[in-house]
Protein chains: 2
Amino acid sequence: MTENDSRFLKACRGEEVDCTPIWFMRQAGRYMQEYRKLREKHTLLELCTRPDLAKEVTLQPIRRFDLDAAIVFADILLPLKSMGVGFDFVKGKGPVIHQPIRSPADVEKLHAGDPEEDLKCVLETLGLVRGELDPKIALIGFAGAPFTVASYMIEGGYSRNFLHTKRLMYSHPEAWQRLMETTSEVMARYLTAQIEAGAQAIQLFDSWVGSLEPEDYRRYVLPYSQKIFARLKPYSVPLLHFGTGTATLLELMKEAGGTVMGVDWRISLKDARGRLGSNTPIQGNLDPVALFAPPSCLEEKVDQVLEQADGRPGHIFNLGHGILPETPVENVEAVVEWVHAKSKR
Amino acid sequence: MTENDSRFLKACRGEEVDCTPIWFMRQAGRYMQEYRKLREKHTLLELCTRPDLAKEVTLQPIRRFDLDAAIVFADILLPLKSMGVGFDFVKGKGPVIHQPIRSPADVEKLHAGDPEEDLKCVLETLGLVRGELDPKIALIGFAGAPFTVASYMIEGGYSRNFLHTKRLMYSHPEAWQRLMETTSEVMARYLTAQIEAGAQAIQLFDSWVGSLEPEDYRRYVLPYSQKIFARLKPYSVPLLHFGTGTATLLELMKEAGGTVMGVDWRISLKDARGRLGSNTPIQGNLDPVALFAPPSCLEEKVDQVLEQADGRPGHIFNLGHGILPETPVENVEAVVEWVHAKSKR
């Protein structure tokens with residue numbers, strides 16, 4: 001079997017597979033004892049930026065579960081380095097940007113920098129992982145989409161209402177354009193380098209884009225995500241385009257690009273496929289909180305996702321967002337087994 | 001003119017109006033100097049529970065803007081008193097429940113209590129406000145929907161992923177049922193009493209219901225919201241049913257009940273009407289953050305909402321969620337004037 005025959009890559013191309021492939025967003029993380037053990041000795045930033053550690057963390061869930069894809073362990077904020085924006089991960093708070101971007105003058109200071117050099121560690125990790133990974137398991141590279149990354153840079157961290165982000169967008173459209181162009185340039189170069197370093201598929205995370213009304217997405221976001229996808233297209237690797245709360249944005253996100261659309265649990269896969277066209281491969285969409293349910297309830301929810309995907313090719317099983325730190329590990333294991341067994345063609 | 005001829009009530013019934021009525025969720029609040037002045041001297045709980053103060057706060061935005069409806073100043077957590085659940089408003093954190101409901105044993109301790117007695121202050125406020133309000137301005141009563149109120153009681157405050165809420169729902173369906181039945185009983189009695197005290201329309205706030213997948217809404221939420229609407233129906237007052245992020249839940253929420261559906265900015269009014277049927281009156285849906293935009297951008301957004309409502313009867317202009325505390329008051333004023341002027345039939 002060649003690497004291109006892997007179940008995950010075939011499903012991403014809409015080809016027939018022996019059973020539905022599965023991986024989890026944030027599958028390497030605190031819910032695993034192996035991860036917590038490493039994390040005790042190293043900061044999150046060290047785990048992301050030291051290729052030996054990042055490789056280890058990337059492979060932990062692969063060793064433990066029968067997953068169909070590995071995703072390189074990194075963080076969507078790492079590329080901020082290339083733009084000259086400092087940040088840290090603060091316990092209990094998540095990422096904190098030292099000097100949030102709030103004005104056109106702040107935007108002026110940004111530069112696209114040298115992501116290939118600044119993020120060499122991630123590229124190295126990709127090479128190391130690929131060297132150890134069974135060919136039947138695909139390796140995914142990723143980056144944050146311009147809107148989601150910009151929202152962190154502007155808000156300074158996680159936000160409930162994206163007030164500063166939208167205010168900049170509405171009040172200073174030219175600064176916004178510049179910010180989005182710089183961010184998309186960095187991401188396009190970073191992702192290109194990831195493909196060249198061994199990533200066989202790319203996922204663009206636009207996690208917070210569901211906070212926007214469709215018309216704002218069209219005007220302020222679509223052109224910049226589109227630019228990234230256009231730059232990656234010549235590589236012919238699957239391009240996964242993901243966001244949460246995107247039920248009303250799906251058609252526009254597809255227009256922006258991506259060959260596989262990722263959706264969360266708020267929309268049924270059946271409805272999503274209905275709107276995207278049944279030829280568009282789709283990824284999703286178990287609620288991460290369902291992993292806290294008792295086995296019978298969880299199994300019912302897995303059945304429901306598979307049923308709504310309707311046994312057609314072009315479905316990659318995943319959560320609708322990242323695994324939560326408190327998730328019972330045995331439930332993750334059960335879902336992987338159920339998905340493979342229940343979807344056997 | 002009789003009270004029933006008010007522009008707001010007519011629009012709620014889908015009747016022709018001279019222009020589109022408008023009010024704002026959380027129109028009495030910190031963005032107004034008058035409110036902040038009172039708030040300096042009194043706690044939020046005092047403002048809610050002292051009828052003389054609550055009346056004053058309710059009327060503040062009515063005196064300042066040409067609004068078509070007043071909503072009684074209260075908080076969706078006030079009825080927790082009747083269930084024996086203690087809470088407080090904590091500066092910078094919002095509501096904090098003293099002992100969150102986490103287990104079936106916690107649920108056992110809840111009781112439906114005596115909302116008519118415990119919330120007499122709100123009923124009195126309604127009477128006082130009605131006595132001072134111009135008949136052409138409608139008076140709205142409200143309560144939180146069972147899911148949203150339960151989520152506060154379980155999480156202990158605001159939540160990002162509703163982990164505890166969903167875990168209880170999935171793991172202890174009988175306790176969940178009991179919790180939802182108790183909550184809906186309290187809300188039904190509270191809302192009935194509000195109508196009898198002078199509320200001419202009722203809004204049920206299911207603000208966080210958009211965190212659920214449609215099947216969970218159908219199973220764990222719909223029956224209980226439905227029970228409330230069924231109990232209110234005989235009163236023949238408009239029943240507004242509101243939530244955020246509900247693009248995929250609209251049909252089910254309509255099935256639960258309500259004569260007017262409230263939506264947020266994530267779905268265009270055109271799409272919402274398409275899905276609910278053009279005979280269903282609709283309320284919404286400007287993004288509260290749009291109120292921070294420069295006038296030309298804000299005006300464009302107001303135009304867009306009116307355009308998507310398509311000049312048809314049965315549209316009540318509102319935000320898609322509550323006004324934010326930092327909102328520039330002059331923008332609120334401008335939106336009221338634009339909506340009336342631009343929608344003149």
# chains A, B, ... in the order shown; residues from 1 in each chain; ligands from 1
>>> residues_around(residues="segment 73-79 of chain B", least_positions_apart="5", cutoff="8 Å", atoms="only C-alpha atoms", output="PyMOL selection string")
chain B and resi 28+47-49+54-55+57-58+115+118-119+122+142-144+149+186-187+190
>>> write_last_selection(atoms="C-alpha atoms", output="PDB file, in the first residue's frame")
ATOM      1  CA  ALA B  28     -32.025  49.324  30.204  1.00  0.00           C
ATOM      2  CA  LEU B  47     -32.547  47.391  41.054  1.00  0.00           C
ATOM      3  CA  CYS B  48     -34.332  44.180  40.052  1.00  0.00           C
ATOM      4  CA  THR B  49     -36.297  43.596  43.222  1.00  0.00           C
ATOM      5  CA  ALA B  54     -37.061  48.629  38.674  1.00  0.00           C
ATOM      6  CA  LYS B  55     -39.836  50.847  37.325  1.00  0.00           C
ATOM      7  CA  VAL B  57     -34.823  51.614  35.179  1.00  0.00           C
ATOM      8  CA  THR B  58     -37.468  50.081  32.899  1.00  0.00           C
ATOM      9  CA  PRO B 115     -43.078  32.138  42.280  1.00  0.00           C
ATOM     10  CA  ASP B 118     -41.377  35.182  45.673  1.00  0.00           C
ATOM     11  CA  LEU B 119     -41.494  37.389  42.575  1.00  0.00           C
ATOM     12  CA  VAL B 122     -41.577  41.978  39.509  1.00  0.00           C
ATOM     13  CA  PHE B 142     -40.088  37.715  30.316  1.00  0.00           C
ATOM     14  CA  ALA B 143     -38.423  34.662  31.779  1.00  0.00           C
ATOM     15  CA  GLY B 144     -35.502  32.420  30.958  1.00  0.00           C
ATOM     16  CA  VAL B 149     -31.885  28.671  33.356  1.00  0.00           C
ATOM     17  CA  VAL B 186     -41.923  27.793  37.928  1.00  0.00           C
ATOM     18  CA  MET B 187     -41.531  29.736  34.677  1.00  0.00           C
ATOM     19  CA  TYR B 190     -44.185  33.271  36.852  1.00  0.00           C
TER      20      TYR B 190
END
>>> select_by_dssp(residues="segment 75-291 of chain A", states="alpha helix (DSSP H)", output="ChimeraX atom specification")
/A:80-83,104-108,115-118,120-132,146-155,163-171,173-196,214-216,222-232,250-256,269-276
>>> residues_around(residues="Pro238 of chain B", least_positions_apart="4", cutoff="8 Å", atoms="only C-alpha atoms", output="JSON, numbers by chain")
{"B": [9, 12, 13, 200, 201, 202, 258, 259, 260]}
>>> residues_around(residues="Leu128 of chain B", least_positions_apart="2", cutoff="8 Å", atoms="only C-alpha atoms", output="ChimeraX atom specification")
/B:51-52,55,124-126,130-132
>>> atom_distance(atom1="atom CA of Val17 of chain B", atom2="atom CA of Lys344 of chain B")
8.8 Å
>>> closest_atom_pairs(of="chain B", to="chain A", cutoff="8 Å", atoms="only C-alpha atoms", output="Markdown table")
| residue | atom | partner | partner_atom | distance |
| --- | --- | --- | --- | --- |
| B:Asn161 | CA | A:Val289 | CA | 7.7 |
| B:Leu163 | CA | A:Val289 | CA | 5.9 |
| B:Lys166 | CA | A:Val289 | CA | 6.9 |
| B:Arg167 | CA | A:Ala293 | CA | 6.0 |
| B:Tyr170 | CA | A:Ala293 | CA | 5.4 |
| B:Ser171 | CA | A:Ala293 | CA | 5.8 |
| B:Gly210 | CA | A:Arg266 | CA | 7.4 |
| B:Ser211 | CA | A:Arg266 | CA | 7.1 |
| B:Leu212 | CA | A:Arg266 | CA | 6.2 |
| B:Glu213 | CA | A:Arg266 | CA | 4.5 |
| B:Pro214 | CA | A:Arg266 | CA | 6.6 |
| B:Gly245 | CA | A:Gly245 | CA | 7.1 |
| B:Ala247 | CA | A:Ala247 | CA | 6.7 |
| B:Thr248 | CA | A:Ile267 | CA | 6.0 |
| B:Trp265 | CA | A:Glu213 | CA | 5.4 |
| B:Arg266 | CA | A:Glu213 | CA | 4.5 |
| B:Ile267 | CA | A:Thr248 | CA | 6.0 |
| B:Ser268 | CA | A:Pro214 | CA | 7.5 |
| B:Asp287 | CA | A:Glu213 | CA | 7.9 |
| B:Val289 | CA | A:Leu163 | CA | 5.9 |
| B:Ala290 | CA | A:Arg167 | CA | 7.8 |
| B:Phe292 | CA | A:Arg167 | CA | 6.1 |
| B:Ala293 | CA | A:Tyr170 | CA | 5.4 |
| B:Pro294 | CA | A:Ser171 | CA | 5.9 |
| B:Cys297 | CA | A:Tyr170 | CA | 6.7 |
>>> closest_residue(among="B:Gly274, B:Pro325, B:Gly84, B:Gly29", to="Asp310 of chain B", atoms="only C-alpha atoms")
B:Gly274
>>> select_by_dssp(residues="segment 82-180 of chain A", states="strand (DSSP E)", output="MDAnalysis selection string")
chainID A and resid 87:90 94:97 138:144
>>> residues_around(residues="Ser225 of chain B", least_positions_apart="3", cutoff="9 Å", atoms="only C-alpha atoms", output="ChimeraX atom specification")
/B:145-147,180,184,204,221-222,228-230,253,256-257
>>> write_last_selection(atoms="N, CA and C atoms", output="tab-separated table (two decimals), in the first residue's frame")
chain	number	residue	atom	x	y	z
B	145	ALA	N	-35.79	30.49	29.52
B	145	ALA	CA	-36.33	29.18	29.17
B	145	ALA	C	-35.67	28.11	30.05
B	146	PRO	N	-36.32	26.97	30.21
B	146	PRO	CA	-35.79	25.95	31.11
B	146	PRO	C	-34.34	25.55	30.82
B	147	PHE	N	-33.97	25.38	29.56
B	147	PHE	CA	-32.59	24.96	29.29
B	147	PHE	C	-31.58	26.00	29.76
B	180	MET	N	-36.03	19.92	34.57
B	180	MET	CA	-36.68	20.71	33.54
B	180	MET	C	-38.16	20.89	33.85
B	184	SER	N	-39.72	24.48	34.36
B	184	SER	CA	-40.78	24.96	33.47
B	184	SER	C	-42.06	25.27	34.25
B	204	LEU	N	-39.63	34.54	25.96
B	204	LEU	CA	-38.91	33.46	26.63
B	204	LEU	C	-37.48	33.46	26.08
B	221	VAL	N	-35.16	19.33	25.53
B	221	VAL	CA	-35.55	20.72	25.77
B	221	VAL	C	-36.97	21.03	25.28
B	222	LEU	N	-37.25	20.63	24.07
B	222	LEU	CA	-38.53	21.00	23.43
B	222	LEU	C	-39.76	20.75	24.32
B	228	ILE	N	-44.48	25.41	28.72
B	228	ILE	CA	-44.66	26.81	29.11
B	228	ILE	C	-45.56	27.54	28.12
B	229	PHE	N	-45.23	27.38	26.82
B	229	PHE	CA	-46.03	28.09	25.81
B	229	PHE	C	-47.49	27.62	25.84
B	230	ALA	N	-47.70	26.32	26.07
B	230	ALA	CA	-49.06	25.80	26.11
B	230	ALA	C	-49.85	26.44	27.25
B	253	MET	N	-37.78	25.00	17.48
B	253	MET	CA	-38.20	26.03	18.44
B	253	MET	C	-39.61	26.51	18.13
B	256	ALA	N	-41.88	24.03	19.50
B	256	ALA	CA	-42.02	24.19	20.95
B	256	ALA	C	-43.03	25.28	21.29
B	257	GLY	N	-43.06	26.30	20.47
B	257	GLY	CA	-44.06	27.33	20.67
B	257	GLY	C	-43.55	28.74	20.51
>>> residues_around(residues="Leu67 of chain A", least_positions_apart="5", cutoff="12 Å", atoms="only C-alpha atoms", output="VMD selection string")
chain A and resid 6 to 8 20 to 25 27 to 28 58 to 62 133 to 134 136 to 139 316 to 318 332 to 340
>>> residues_around(residues="Gly92 of chain A", least_positions_apart="4", cutoff="12 Å", atoms="only C-alpha atoms", output="list in words")
Val96, Gly157, Tyr158 and Pro325 of chain A
